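Pasted below: target04.tsv, TSV, C-alpha atoms.
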```tsv
chain	number	residue	atom	x	y	z
A	1	MET	CA	-46.04	-11.66	-32.04
A	2	LYS	CA	-47.59	-9.15	-34.36
A	3	ARG	CA	-48.77	-5.84	-32.94
A	4	THR	CA	-52.38	-6.55	-33.96
A	5	VAL	CA	-52.46	-9.66	-31.79
A	6	LEU	CA	-50.95	-7.89	-28.80
A	7	LEU	CA	-53.48	-5.07	-28.94
A	8	ILE	CA	-56.49	-7.16	-27.87
A	9	VAL	CA	-57.83	-4.93	-25.09
A	10	ALA	CA	-61.27	-5.84	-23.77
A	11	VAL	CA	-63.55	-2.84	-23.24
A	12	LEU	CA	-64.11	-2.11	-19.56
A	13	LEU	CA	-67.80	-1.75	-18.71
A	14	VAL	CA	-68.97	1.31	-16.77
A	15	SER	CA	-72.07	0.25	-14.89
A	16	PHE	CA	-72.69	3.55	-13.12
A	17	LEU	CA	-73.39	5.53	-16.30
A	18	ASP	CA	-76.97	6.13	-17.39
A	19	ALA	CA	-78.09	5.18	-20.88
A	20	GLN	CA	-78.56	7.99	-23.37
A	21	THR	CA	-81.87	8.57	-25.07
A	22	ASP	CA	-82.20	8.32	-28.83
A	23	ARG	CA	-82.31	11.83	-30.30
A	24	GLY	CA	-83.22	11.05	-33.88
A	25	GLN	CA	-82.13	8.77	-36.67
A	26	ASP	CA	-79.00	8.93	-38.77
A	27	THR	CA	-79.67	6.38	-41.49
A	28	ASN	CA	-75.98	6.05	-42.35
A	29	LYS	CA	-74.54	5.93	-38.84
A	30	VAL	CA	-72.66	2.68	-38.20
A	31	ASN	CA	-70.00	2.43	-35.50
A	32	VAL	CA	-67.96	-0.73	-34.96
A	33	GLY	CA	-66.35	-0.99	-31.54
A	34	GLU	CA	-63.31	-2.70	-30.10
A	35	VAL	CA	-63.19	-6.37	-29.16
A	36	ARG	CA	-64.81	-6.47	-25.73
A	37	SER	CA	-64.58	-10.17	-24.89
A	38	VAL	CA	-62.74	-13.23	-26.15
A	39	LEU	CA	-63.27	-16.98	-25.80
A	40	GLU	CA	-60.09	-18.91	-26.59
A	41	GLU	CA	-60.67	-22.31	-25.00
A	42	ALA	CA	-63.37	-24.90	-25.57
A	43	ARG	CA	-63.17	-28.66	-25.99
A	44	GLY	CA	-64.93	-30.16	-28.98
A	45	TRP	CA	-66.56	-33.58	-28.48
A	46	VAL	CA	-67.75	-35.96	-31.18
A	47	ASN	CA	-69.63	-39.25	-30.88
A	48	LYS	CA	-67.51	-41.96	-32.44
A	49	GLY	CA	-70.26	-44.54	-32.01
A	50	GLY	CA	-70.83	-47.37	-29.58
A	51	GLY	CA	-70.92	-44.96	-26.66
A	52	GLU	CA	-67.37	-43.71	-27.30
A	53	TRP	CA	-66.68	-39.97	-27.50
A	54	ILE	CA	-63.42	-38.35	-28.58
A	55	SER	CA	-62.39	-34.71	-28.17
A	56	GLY	CA	-60.03	-32.01	-29.44
A	57	GLU	CA	-58.98	-28.59	-28.19
A	58	ASN	CA	-60.94	-25.91	-30.08
A	59	LYS	CA	-62.08	-28.35	-32.75
A	60	ILE	CA	-64.62	-31.06	-33.50
A	61	PRO	CA	-62.44	-33.99	-34.61
A	62	TYR	CA	-63.24	-35.89	-37.78
A	63	VAL	CA	-64.42	-39.44	-37.25
A	64	ILE	CA	-63.88	-42.19	-39.83
A	65	LYS	CA	-67.23	-43.81	-40.36
A	66	GLN	CA	-67.56	-47.47	-39.45
A	67	LYS	CA	-68.35	-48.41	-43.04
A	68	SER	CA	-65.11	-46.86	-44.28
A	69	ALA	CA	-63.15	-48.66	-41.59
A	70	GLU	CA	-64.73	-51.97	-42.57
A	71	LYS	CA	-63.90	-51.42	-46.23
A	72	ILE	CA	-60.23	-51.02	-45.38
A	73	SER	CA	-60.20	-54.51	-43.95
A	74	GLU	CA	-58.48	-57.01	-46.23
A	75	LYS	CA	-61.30	-59.40	-45.54
A	76	ALA	CA	-63.84	-57.05	-47.10
A	77	LEU	CA	-61.89	-55.89	-50.15
A	78	SER	CA	-59.17	-56.89	-52.51
A	79	LYS	CA	-55.71	-55.44	-51.84
A	80	ARG	CA	-56.10	-53.08	-54.80
A	81	GLU	CA	-59.41	-51.65	-53.51
A	82	SER	CA	-58.00	-51.44	-49.99
A	83	ARG	CA	-55.01	-49.42	-51.24
A	84	GLN	CA	-57.33	-47.00	-53.06
A	85	ILE	CA	-59.41	-46.35	-49.94
A	86	LYS	CA	-56.30	-45.93	-47.80
A	87	LYS	CA	-54.97	-43.44	-50.36
A	88	GLN	CA	-58.22	-41.45	-50.21
A	89	LEU	CA	-58.14	-41.38	-46.42
A	90	LYS	CA	-54.50	-40.29	-46.43
A	91	ALA	CA	-55.33	-37.48	-48.88
A	92	ARG	CA	-57.97	-36.22	-46.44
A	93	LYS	CA	-55.59	-36.34	-43.48
A	94	ASN	CA	-54.62	-32.67	-43.65
A	95	SER	CA	-58.18	-31.41	-43.67
A	96	ARG	CA	-59.16	-33.88	-40.91
A	97	GLU	CA	-56.45	-32.42	-38.68
A	98	LEU	CA	-58.27	-29.09	-38.80
A	99	GLY	CA	-61.36	-30.82	-37.47
A	100	LYS	CA	-64.88	-30.89	-38.79
A	101	ARG	CA	-65.21	-27.44	-37.22
A	102	ASN	CA	-62.49	-25.47	-35.49
A	103	PHE	CA	-61.83	-22.03	-34.09
A	104	ILE	CA	-58.76	-20.09	-33.01
A	105	GLN	CA	-60.86	-17.76	-30.89
A	106	LEU	CA	-64.33	-16.27	-30.66
A	107	GLU	CA	-64.69	-12.52	-30.24
A	108	MET	CA	-67.61	-10.27	-29.33
A	109	ILE	CA	-67.73	-6.62	-30.41
A	110	ASP	CA	-70.22	-3.80	-29.87
A	111	ILE	CA	-71.81	-2.24	-32.95
A	112	SER	CA	-74.16	0.73	-33.18
A	113	VAL	CA	-76.52	0.90	-36.17
A	114	ASN	CA	-78.59	4.07	-36.35
A	115	LYS	CA	-78.16	4.44	-32.58
A	116	GLN	CA	-79.46	0.94	-31.94
A	117	ALA	CA	-77.32	-1.59	-30.08
A	118	PHE	CA	-76.02	-4.58	-32.03
A	119	GLN	CA	-73.37	-7.22	-31.43
A	120	GLY	CA	-70.81	-8.74	-33.73
A	121	LEU	CA	-69.82	-12.37	-33.18
A	122	ILE	CA	-66.49	-13.14	-34.86
A	123	ILE	CA	-65.36	-16.74	-35.32
A	124	LYS	CA	-61.67	-16.92	-36.20
A	125	LYS	CA	-60.50	-20.25	-37.58
A	126	GLU	CA	-58.14	-22.09	-39.89
A	127	LYS	CA	-59.17	-23.42	-43.27
A	128	GLY	CA	-57.24	-25.34	-45.86
A	129	GLU	CA	-57.18	-25.78	-49.61
A	130	TYR	CA	-55.41	-27.99	-52.15
A	131	GLU	CA	-53.36	-26.51	-54.93
A	132	PHE	CA	-54.50	-29.49	-57.01
A	133	PRO	CA	-57.95	-30.41	-55.67
A	134	LEU	CA	-58.62	-33.38	-58.00
A	135	ILE	CA	-55.58	-35.33	-56.83
A	136	LYS	CA	-55.59	-33.85	-53.29
A	137	GLU	CA	-52.04	-32.50	-53.49
A	138	GLY	CA	-50.44	-29.27	-52.27
A	139	PHE	CA	-52.51	-28.69	-49.12
A	140	SER	CA	-51.99	-25.37	-47.33
A	141	LYS	CA	-53.66	-23.68	-44.34
A	142	TYR	CA	-54.79	-20.08	-44.05
A	143	LYS	CA	-56.55	-17.85	-41.51
A	144	PHE	CA	-60.24	-17.25	-42.07
A	145	LEU	CA	-63.10	-15.72	-40.10
A	146	GLU	CA	-66.88	-15.53	-40.13
A	147	TYR	CA	-68.82	-12.68	-38.54
A	148	TYR	CA	-72.49	-12.37	-37.62
A	149	VAL	CA	-74.21	-9.10	-36.64
A	150	PHE	CA	-77.34	-9.30	-34.50
A	151	ARG	CA	-79.31	-7.19	-32.03
A	152	SER	CA	-77.85	-6.85	-28.54
A	153	GLU	CA	-81.00	-7.99	-26.77
A	154	LYS	CA	-80.28	-11.50	-28.08
A	155	LEU	CA	-77.57	-11.73	-25.41
A	156	ASN	CA	-80.35	-11.92	-22.81
A	157	GLN	CA	-81.75	-14.95	-24.63
A	158	ILE	CA	-78.36	-16.65	-24.88
A	159	LEU	CA	-78.05	-16.37	-21.09
A	160	PRO	CA	-81.59	-15.92	-19.76
A	161	ASN	CA	-82.36	-15.08	-16.15
A	162	PRO	CA	-83.15	-17.43	-14.51
A	163	LEU	CA	-81.10	-20.06	-16.35
A	164	VAL	CA	-82.17	-23.70	-16.03
A	165	PHE	CA	-79.28	-26.17	-15.98
A	166	ASN	CA	-79.37	-29.61	-17.60
A	167	LYS	CA	-81.97	-28.47	-20.11
A	168	PRO	CA	-81.00	-27.61	-23.74
A	169	TYR	CA	-82.43	-24.68	-25.69
A	170	VAL	CA	-81.97	-22.87	-29.01
A	171	VAL	CA	-81.58	-19.14	-29.66
A	172	ASP	CA	-82.32	-17.71	-33.10
A	173	LEU	CA	-79.97	-14.73	-33.53
A	174	LYS	CA	-82.02	-13.38	-36.46
A	175	VAL	CA	-78.84	-12.17	-38.09
A	176	PHE	CA	-78.88	-8.63	-39.49
A	177	THR	CA	-75.93	-9.38	-41.76
A	178	LYS	CA	-72.98	-11.75	-41.95
A	179	GLY	CA	-69.78	-12.20	-43.91
A	180	GLU	CA	-66.46	-13.97	-44.29
A	181	ILE	CA	-62.88	-12.70	-44.49
A	182	SER	CA	-59.99	-14.83	-45.75
A	183	TYR	CA	-56.42	-14.01	-44.69
A	184	TYR	CA	-57.88	-11.65	-42.11
A	185	GLU	CA	-54.55	-10.85	-40.43
A	186	SER	CA	-53.65	-8.51	-43.28
A	187	LYS	CA	-57.04	-6.75	-43.43
A	188	ASP	CA	-58.94	-4.06	-41.53
A	189	ILE	CA	-61.67	-6.21	-40.01
A	190	LYS	CA	-63.62	-3.34	-38.44
A	191	THR	CA	-63.82	-1.38	-41.70
A	192	ILE	CA	-64.97	-4.46	-43.64
A	193	ILE	CA	-67.72	-5.21	-41.10
A	194	GLN	CA	-68.81	-1.56	-41.09
A	195	GLY	CA	-69.07	-1.58	-44.89
A	196	LYS	CA	-71.07	-4.81	-44.87
A	197	VAL	CA	-73.54	-3.42	-42.32
A	198	LYS	CA	-74.02	-0.26	-44.40
A	199	GLU	CA	-74.54	-2.33	-47.53
A	200	SER	CA	-77.17	-4.40	-45.72
A	201	LEU	CA	-79.01	-1.26	-44.59
A	202	TYR	CA	-79.64	-0.42	-48.25
A	203	LYS	CA	-80.52	-4.00	-49.25
A	204	ARG	CA	-82.94	-4.90	-46.46
A	205	ASN	CA	-85.97	-3.58	-48.33
A	206	LEU	CA	-85.29	-5.85	-51.31
A	207	LYS	CA	-87.47	-8.97	-51.40
A	208	SER	CA	-84.52	-11.03	-52.56
A	209	PHE	CA	-82.33	-9.99	-49.62
A	210	ASN	CA	-81.63	-12.85	-47.19
A	211	PRO	CA	-78.32	-12.50	-45.34
A	212	GLY	CA	-78.44	-15.99	-43.86
A	213	ASN	CA	-78.81	-16.81	-40.20
A	214	LEU	CA	-77.17	-18.38	-37.18
A	215	LEU	CA	-78.78	-20.41	-34.42
A	216	MET	CA	-77.04	-21.18	-31.15
A	217	ALA	CA	-77.83	-24.53	-29.53
A	218	LEU	CA	-77.01	-24.23	-25.81
A	219	TYR	CA	-76.90	-26.79	-23.02
A	220	PRO	CA	-75.82	-25.63	-19.54
A	221	VAL	CA	-74.91	-28.70	-17.48
A	222	VAL	CA	-73.69	-29.57	-14.00
A	223	GLN	CA	-71.19	-32.42	-13.75
A	224	ASP	CA	-69.48	-33.50	-10.53
A	225	GLY	CA	-70.47	-30.22	-8.96
A	226	ASN	CA	-68.92	-28.13	-11.78
A	227	LYS	CA	-70.86	-25.99	-14.26
A	228	TYR	CA	-70.22	-26.13	-18.01
A	229	MET	CA	-71.83	-24.73	-21.13
A	230	ARG	CA	-72.15	-26.93	-24.20
A	231	PHE	CA	-72.85	-25.11	-27.43
A	232	ASN	CA	-73.14	-25.54	-31.19
A	233	PHE	CA	-73.43	-23.04	-34.02
A	234	ILE	CA	-76.09	-23.93	-36.58
A	235	ARG	CA	-75.61	-22.07	-39.85
A	236	THR	CA	-78.92	-21.77	-41.65
A	237	TYR	CA	-81.31	-19.34	-43.38
A	238	ASN	CA	-83.65	-16.76	-41.91
A	239	LYS	CA	-86.78	-18.78	-42.67
A	240	TYR	CA	-89.00	-20.22	-39.96
A	241	TYR	CA	-90.11	-23.24	-41.99
A	242	ILE	CA	-86.44	-24.23	-42.38
A	243	ASN	CA	-85.58	-23.78	-38.71
A	244	ARG	CA	-88.76	-24.83	-36.92
A	245	SER	CA	-87.57	-28.41	-36.26
A	246	TYR	CA	-84.69	-27.06	-34.17
A	247	TYR	CA	-87.09	-25.37	-31.74
A	248	LYS	CA	-89.15	-28.48	-30.94
A	249	GLU	CA	-88.50	-29.69	-27.41
A	250	GLU	CA	-88.37	-33.32	-28.46
A	251	ASN	CA	-85.49	-32.53	-30.84
A	252	LEU	CA	-83.31	-30.44	-28.52
A	253	GLU	CA	-81.34	-33.32	-26.98
A	254	GLN	CA	-80.54	-34.60	-30.47
A	255	LEU	CA	-78.65	-31.39	-31.26
A	256	PHE	CA	-75.97	-32.63	-28.86
A	257	ASP	CA	-76.03	-36.34	-29.76
A	258	SER	CA	-73.35	-36.13	-32.47
A	259	TYR	CA	-70.98	-33.32	-31.44
A	260	TYR	CA	-70.70	-30.13	-29.39
A	261	TYR	CA	-68.28	-27.67	-27.81
A	262	GLU	CA	-67.92	-27.47	-24.04
A	263	THR	CA	-66.30	-24.81	-21.85
A	264	GLU	CA	-66.50	-23.69	-18.23
A	265	PHE	CA	-69.77	-21.90	-17.60
A	266	GLU	CA	-68.19	-18.81	-16.02
A	267	ARG	CA	-65.81	-18.46	-18.96
A	268	PHE	CA	-68.76	-18.61	-21.38
A	269	LYS	CA	-70.72	-16.15	-19.24
A	270	ASP	CA	-67.83	-13.66	-19.30
A	271	PHE	CA	-67.62	-14.00	-23.08
A	272	ILE	CA	-71.32	-13.35	-23.70
A	273	GLY	CA	-71.52	-10.50	-21.20
A	274	THR	CA	-74.53	-8.19	-21.11
A	275	PRO	CA	-76.03	-5.86	-23.73
A	276	ASN	CA	-74.24	-2.53	-23.96
A	277	ILE	CA	-77.12	-0.07	-23.81
A	278	SER	CA	-74.88	3.00	-23.98
A	279	LEU	CA	-73.48	2.87	-27.49
A	280	GLN	CA	-74.49	6.13	-29.11
A	281	TYR	CA	-72.55	9.35	-29.14
A	282	ALA	CA	-73.89	12.41	-27.36
A	283	ASP	CA	-75.43	14.95	-29.72
A	284	GLU	CA	-74.35	17.90	-27.60
A	285	GLU	CA	-71.42	18.90	-25.41
A	286	PRO	CA	-71.82	17.27	-21.98
A	287	GLU	CA	-71.75	19.44	-18.88
A	288	THR	CA	-71.06	16.92	-16.11
A	289	PHE	CA	-68.33	14.54	-15.03
A	290	LYS	CA	-70.56	11.58	-15.93
A	291	GLY	CA	-71.31	13.06	-19.34
A	292	TYR	CA	-67.64	13.44	-20.29
A	293	CYS	CA	-66.89	9.95	-18.92
A	294	LYS	CA	-69.61	8.39	-21.03
A	295	LEU	CA	-68.74	10.30	-24.18
A	296	GLY	CA	-65.04	9.54	-23.88
A	297	ILE	CA	-65.62	5.83	-23.32
A	298	ASN	CA	-68.06	5.58	-26.23
A	299	GLN	CA	-65.58	7.33	-28.48
A	300	TYR	CA	-62.86	4.89	-27.39
A	301	GLN	CA	-65.12	1.94	-28.22
A	302	TYR	CA	-65.50	3.21	-31.78
A	303	GLY	CA	-61.90	4.12	-32.43
A	304	ASP	CA	-62.27	7.91	-32.10
A	305	TYR	CA	-59.16	8.02	-29.93
A	306	TYR	CA	-58.21	11.71	-30.13
A	307	ASN	CA	-61.66	12.93	-29.07
A	308	SER	CA	-61.87	10.15	-26.49
A	309	LEU	CA	-58.64	11.30	-24.88
A	310	ALA	CA	-59.81	14.93	-24.87
A	311	ASN	CA	-63.08	14.08	-23.12
A	312	LEU	CA	-61.54	11.69	-20.58
A	313	ASN	CA	-59.06	14.46	-19.73
A	314	LYS	CA	-61.96	16.91	-19.26
A	315	ALA	CA	-63.71	14.43	-16.96
A	316	LEU	CA	-60.62	13.98	-14.79
A	317	ARG	CA	-60.02	17.75	-14.63
A	318	MET	CA	-63.57	18.13	-13.31
A	319	ASN	CA	-62.93	15.47	-10.67
A	320	PRO	CA	-59.17	15.36	-9.93
A	321	GLN	CA	-59.77	13.31	-6.76
A	322	TYR	CA	-61.38	10.48	-8.74
A	323	ASP	CA	-60.22	7.28	-7.04
A	324	ASP	CA	-61.56	4.45	-9.21
A	325	TYR	CA	-59.47	2.44	-11.66
A	326	LEU	CA	-61.96	2.58	-14.57
A	327	LEU	CA	-61.23	5.92	-16.18
A	328	TYR	CA	-57.46	5.57	-15.77
A	329	ALA	CA	-57.64	2.11	-17.35
A	330	HIS	CA	-59.64	3.48	-20.27
A	331	ARG	CA	-57.32	6.44	-20.72
A	332	GLY	CA	-54.36	4.06	-20.65
A	333	ASN	CA	-55.98	2.06	-23.46
A	334	VAL	CA	-56.53	5.24	-25.50
A	335	LYS	CA	-52.97	6.48	-25.03
A	336	PHE	CA	-51.60	3.10	-26.05
A	337	LYS	CA	-53.70	3.16	-29.22
A	338	LEU	CA	-52.28	6.61	-29.98
A	339	GLY	CA	-48.72	5.39	-29.50
A	340	ASP	CA	-48.14	7.18	-26.18
A	341	ASN	CA	-46.63	4.16	-24.41
A	342	TYR	CA	-45.18	6.10	-21.46
A	343	GLY	CA	-48.47	7.92	-20.89
A	344	ALA	CA	-50.32	4.60	-21.02
A	345	LEU	CA	-47.87	3.11	-18.52
A	346	GLU	CA	-48.49	6.00	-16.14
A	347	ASP	CA	-52.27	5.53	-16.34
A	348	TYR	CA	-52.10	1.76	-15.83
A	349	ASN	CA	-49.89	2.35	-12.78
A	350	ARG	CA	-52.51	4.74	-11.43
A	351	ALA	CA	-55.37	2.34	-12.19
A	352	LEU	CA	-53.63	-0.49	-10.33
A	353	GLU	CA	-53.44	1.69	-7.21
A	354	TYR	CA	-57.26	1.60	-6.95
A	355	LYS	CA	-58.10	-2.06	-6.42
A	356	PRO	CA	-61.90	-2.52	-6.35
A	357	ALA	CA	-63.32	-3.65	-3.02
A	358	GLY	CA	-65.71	-6.30	-4.37
A	359	GLU	CA	-65.20	-9.27	-6.67
A	360	GLU	CA	-67.52	-7.94	-9.40
A	361	ASN	CA	-64.87	-5.81	-11.14
A	362	ARG	CA	-61.78	-7.72	-10.03
A	363	ASN	CA	-61.15	-9.42	-13.40
A	364	LYS	CA	-61.40	-6.09	-15.25
A	365	TRP	CA	-58.97	-4.54	-12.79
A	366	LEU	CA	-56.55	-7.49	-13.24
A	367	GLN	CA	-56.54	-6.79	-16.96
A	368	CYS	CA	-54.57	-3.63	-16.14
A	369	TYR	CA	-51.63	-5.90	-15.28
A	370	TYR	CA	-52.08	-7.65	-18.63
A	371	ASN	CA	-52.31	-4.35	-20.55
A	372	ARG	CA	-49.37	-2.84	-18.68
A	373	GLY	CA	-47.33	-5.90	-19.63
A	374	VAL	CA	-48.19	-5.32	-23.29
A	375	VAL	CA	-47.00	-1.71	-23.03
A	376	LYS	CA	-43.74	-2.79	-21.37
A	377	PHE	CA	-43.23	-5.41	-24.09
A	378	HIS	CA	-43.52	-2.70	-26.75
A	379	LEU	CA	-41.03	-0.59	-24.83
A	380	GLY	CA	-38.57	-3.49	-24.97
A	381	ASP	CA	-38.80	-4.36	-21.27
A	382	VAL	CA	-39.60	-8.06	-21.75
A	383	ASN	CA	-38.69	-9.14	-18.20
A	384	ASP	CA	-41.06	-6.64	-16.58
A	385	ALA	CA	-43.73	-7.48	-19.16
A	386	CYS	CA	-43.48	-11.15	-18.23
A	387	ALA	CA	-43.66	-10.24	-14.53
A	388	ASP	CA	-46.95	-8.37	-15.12
A	389	TRP	CA	-48.44	-11.19	-17.21
A	390	LYS	CA	-47.38	-13.71	-14.56
A	391	LYS	CA	-48.97	-11.62	-11.82
A	392	ALA	CA	-52.20	-11.29	-13.84
A	393	TYR	CA	-52.29	-15.05	-14.46
A	394	GLU	CA	-51.55	-15.99	-10.86
A	395	LYS	CA	-54.31	-13.70	-9.65
A	396	GLY	CA	-56.84	-15.33	-11.98
A	397	PHE	CA	-56.64	-13.55	-15.37
A	398	ASP	CA	-56.33	-16.69	-17.53
A	399	ARG	CA	-55.79	-14.92	-20.86
A	400	ALA	CA	-52.30	-13.93	-19.75
A	401	SER	CA	-51.18	-17.55	-20.13
A	402	ASN	CA	-50.97	-17.19	-23.94
A	403	LEU	CA	-48.43	-14.37	-23.79
A	404	LEU	CA	-46.49	-16.12	-21.04
A	405	LYS	CA	-46.12	-19.22	-23.23
A	406	LYS	CA	-45.08	-17.24	-26.31
A	407	HIS	CA	-42.69	-14.72	-24.80
A	408	CYS	CA	-41.63	-15.79	-21.33
A	409	GLN	CA	-40.08	-19.25	-21.67
```
Take the structure in the file and give it back as structure tokens.
Amino acid sequence: MKRTVLLIVAVLLVSFLDAQTDRGQDTNKVNVGEVRSVLEEARGWVNKGGGEWISGENKIPYVIKQKSAEKISEKALSKRESRQIKKQLKARKNSRELGKRNFIQLEMIDISVNKQAFQGLIIKKEKGEYEFPLIKEGFSKYKFLEYYVFRSEKLNQILPNPLVFNKPYVVDLKVFTKGEISYYESKDIKTIIQGKVKESLYKRNLKSFNPGNLLMALYPVVQDGNKYMRFNFIRTYNKYYINRSYYKEENLEQLFDSYYYETEFERFKDFIGTPNISLQYADEEPETFKGYCKLGINQYQYGDYYNSLANLNKALRMNPQYDDYLLYAHRGNVKFKLGDNYGALEDYNRALEYKPAGEENRNKWLQCYYNRGVVKFHLGDVNDACADWKKAYEKGFDRASNLLKKHCQ
């Protein structure tokens, strides 16, 4: 596995830190954070007609329309016409295997724009193209992603409180900017997104500027005592007269009549998370343990690893008896990013000594097993890495299953 794939480290949230106040505007300040949550599993369902639904893992399967199926019948067409239609369907086989819509994984990142909190939704997927499009020959797949940047408060609309189950709704993300990246594995995604956001800051005052938009159709349901979230992405434009039909209550059920994705509700809830209201850097040197904690964690989120390490070290020197896993887990992440694998291993070991008492932070603490396994893998200790990933998975950290399948057979 490539290093970039193994370095997916979700940002640990520090709930005890107070939000900073905005101390002025920097019109060019854009910070793009680390991936803080990932959704890798959802089943796509499509209505085949006649009450029959079919599904695919992480994709909406293509369905051959009834009319096309009837035309293939020898009773409806001559053999020559039937062969032509069969040839056309065969030529589309490769693209149909990708699904009408598919994703490899969805990612959520924190972004700060002029000290205002934004989110980045990244949809990683596979696309395909023909070397010879007219004759549908030479099909090849490639990695592709879409990203959408929107204000963090929209997360509270995606998962409102209270949430009503078995009732669909639509959230307009009012996208600040969006973009696409082909062959993203070989590119610096964060830098590209940062550049696009800065470009949009200059263009927003132009009357012709319309970055496009994304609506999320959502349908929390309860089936056989289990909770699920059904969802669809609706790619559209930022114009009310175009989108108004989606908001009408009488139309909401229809958004899920043809196709949708479905995943466990808790998994979706963990992916969406809550708005990160503590994104901005401090404008002055902090004086307290909390201040250095907050500054160091913010700097980690935005890739300022050297300064992050310095400030986390200052925080721990001020409170050497600190007995919570959070700062050690963060410092382990920073050291790993800086290539200090043994230092990271030491911090993850320390973090795992401080198991949280309640269930609220248990999954974040379990990620230390996952991260420690990644470090051990990079140190060449595959057996111990697999042992950590297995322990994380058995204790409930589902994401570890991917690395177990790829490296621990």
Give the answer as one residue: which of A:Ala387, A:Val175, A:Ile104, A:Ile109 has the shortest atom-to-atom distance to Tyr142 in chain A, using only C-alpha atoms?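 Closest to Tyr142 in chain A, using only C-alpha atoms: A:Ile104.
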Give me the residues within 8 Å of range 332-336 of chain A as a ChimeraX atom specification, counting all atoms listed in the file and dropping any in the same chain fewer than 5 places off. /A:9,300,305,308-309,341,343-348,371,375
By how many Å are CA of Val171 in chain A and CA of Asn58 in chain A apart?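 If I compute the distance from CA of Val171 in chain A to CA of Asn58 in chain A, I get 21.7 Å.
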Excluding range 186-196 of chain A and any residue of its chain fewer than 6 positions from it, enumerate the residues within 9 Å of it, using all atoms listed in the file, and give them as a PyMOL selection string. chain A and resi 30-34+111+120+147+149+177-179
May I have the residues within 12 Å of Lys141 in chain A as a ChimeraX atom specification, using only C-alpha atoms and disregarding those fewer than 4 positions away in the same chain? /A:94-95,97-98,125-131,182-183
How many Å separate CA of Trp45 in chain A from CA of Ala400 in chain A?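 Rounded to one decimal, the two atoms are 25.8 Å apart.
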Separation of CA of Arg399 in chain A from CA of Trp365 in chain A, in Å and rounded to one decimal: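 Computed distance, CA of Arg399 in chain A to CA of Trp365 in chain A, equals 13.5 Å.
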If we count only C-alpha atoms, what is near Ser112 in chain A at a cut-off of 7 Å, once residues fewer than 2 positions away on the same chain are taken out, given as a ChimeraX atom specification? /A:30-32,110,114-118,279-280
Please, which residues are within 7 Å of (-65.3, 11.6, -23.5) by the file's coordinates, counting all atoms listed in the file, and could they come as a PyMOL selection string? chain A and resi 292-297+299+307-312
Could you list, as a list in words, every residue within 10 Å of range 165-167 of chain A, counting only C-alpha atoms and ignoring same-chain residues fewer than 2 positions away? Pro162, Leu163, Tyr169, Leu218, Tyr219, Pro220, Val221, Val222, Gln223, Lys227, Tyr228, Met229, Glu249, Leu252 and Glu253 of chain A
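Closest approach to Tyr369 in chain A among A:Lys203, A:His330, A:Lys391, A:Lys355 is made by A:Lys391 (distances from all atoms listed in the file).
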List every protein, DNA or RNA residue that has at least one atom no more than 10 Å from (-43.6, 0.6, -27.5) in the file's coordinates, counting only C-alpha atoms, and write the result as an NGL selection string. :A and (3 or 336 or 339-342 or 374-381)
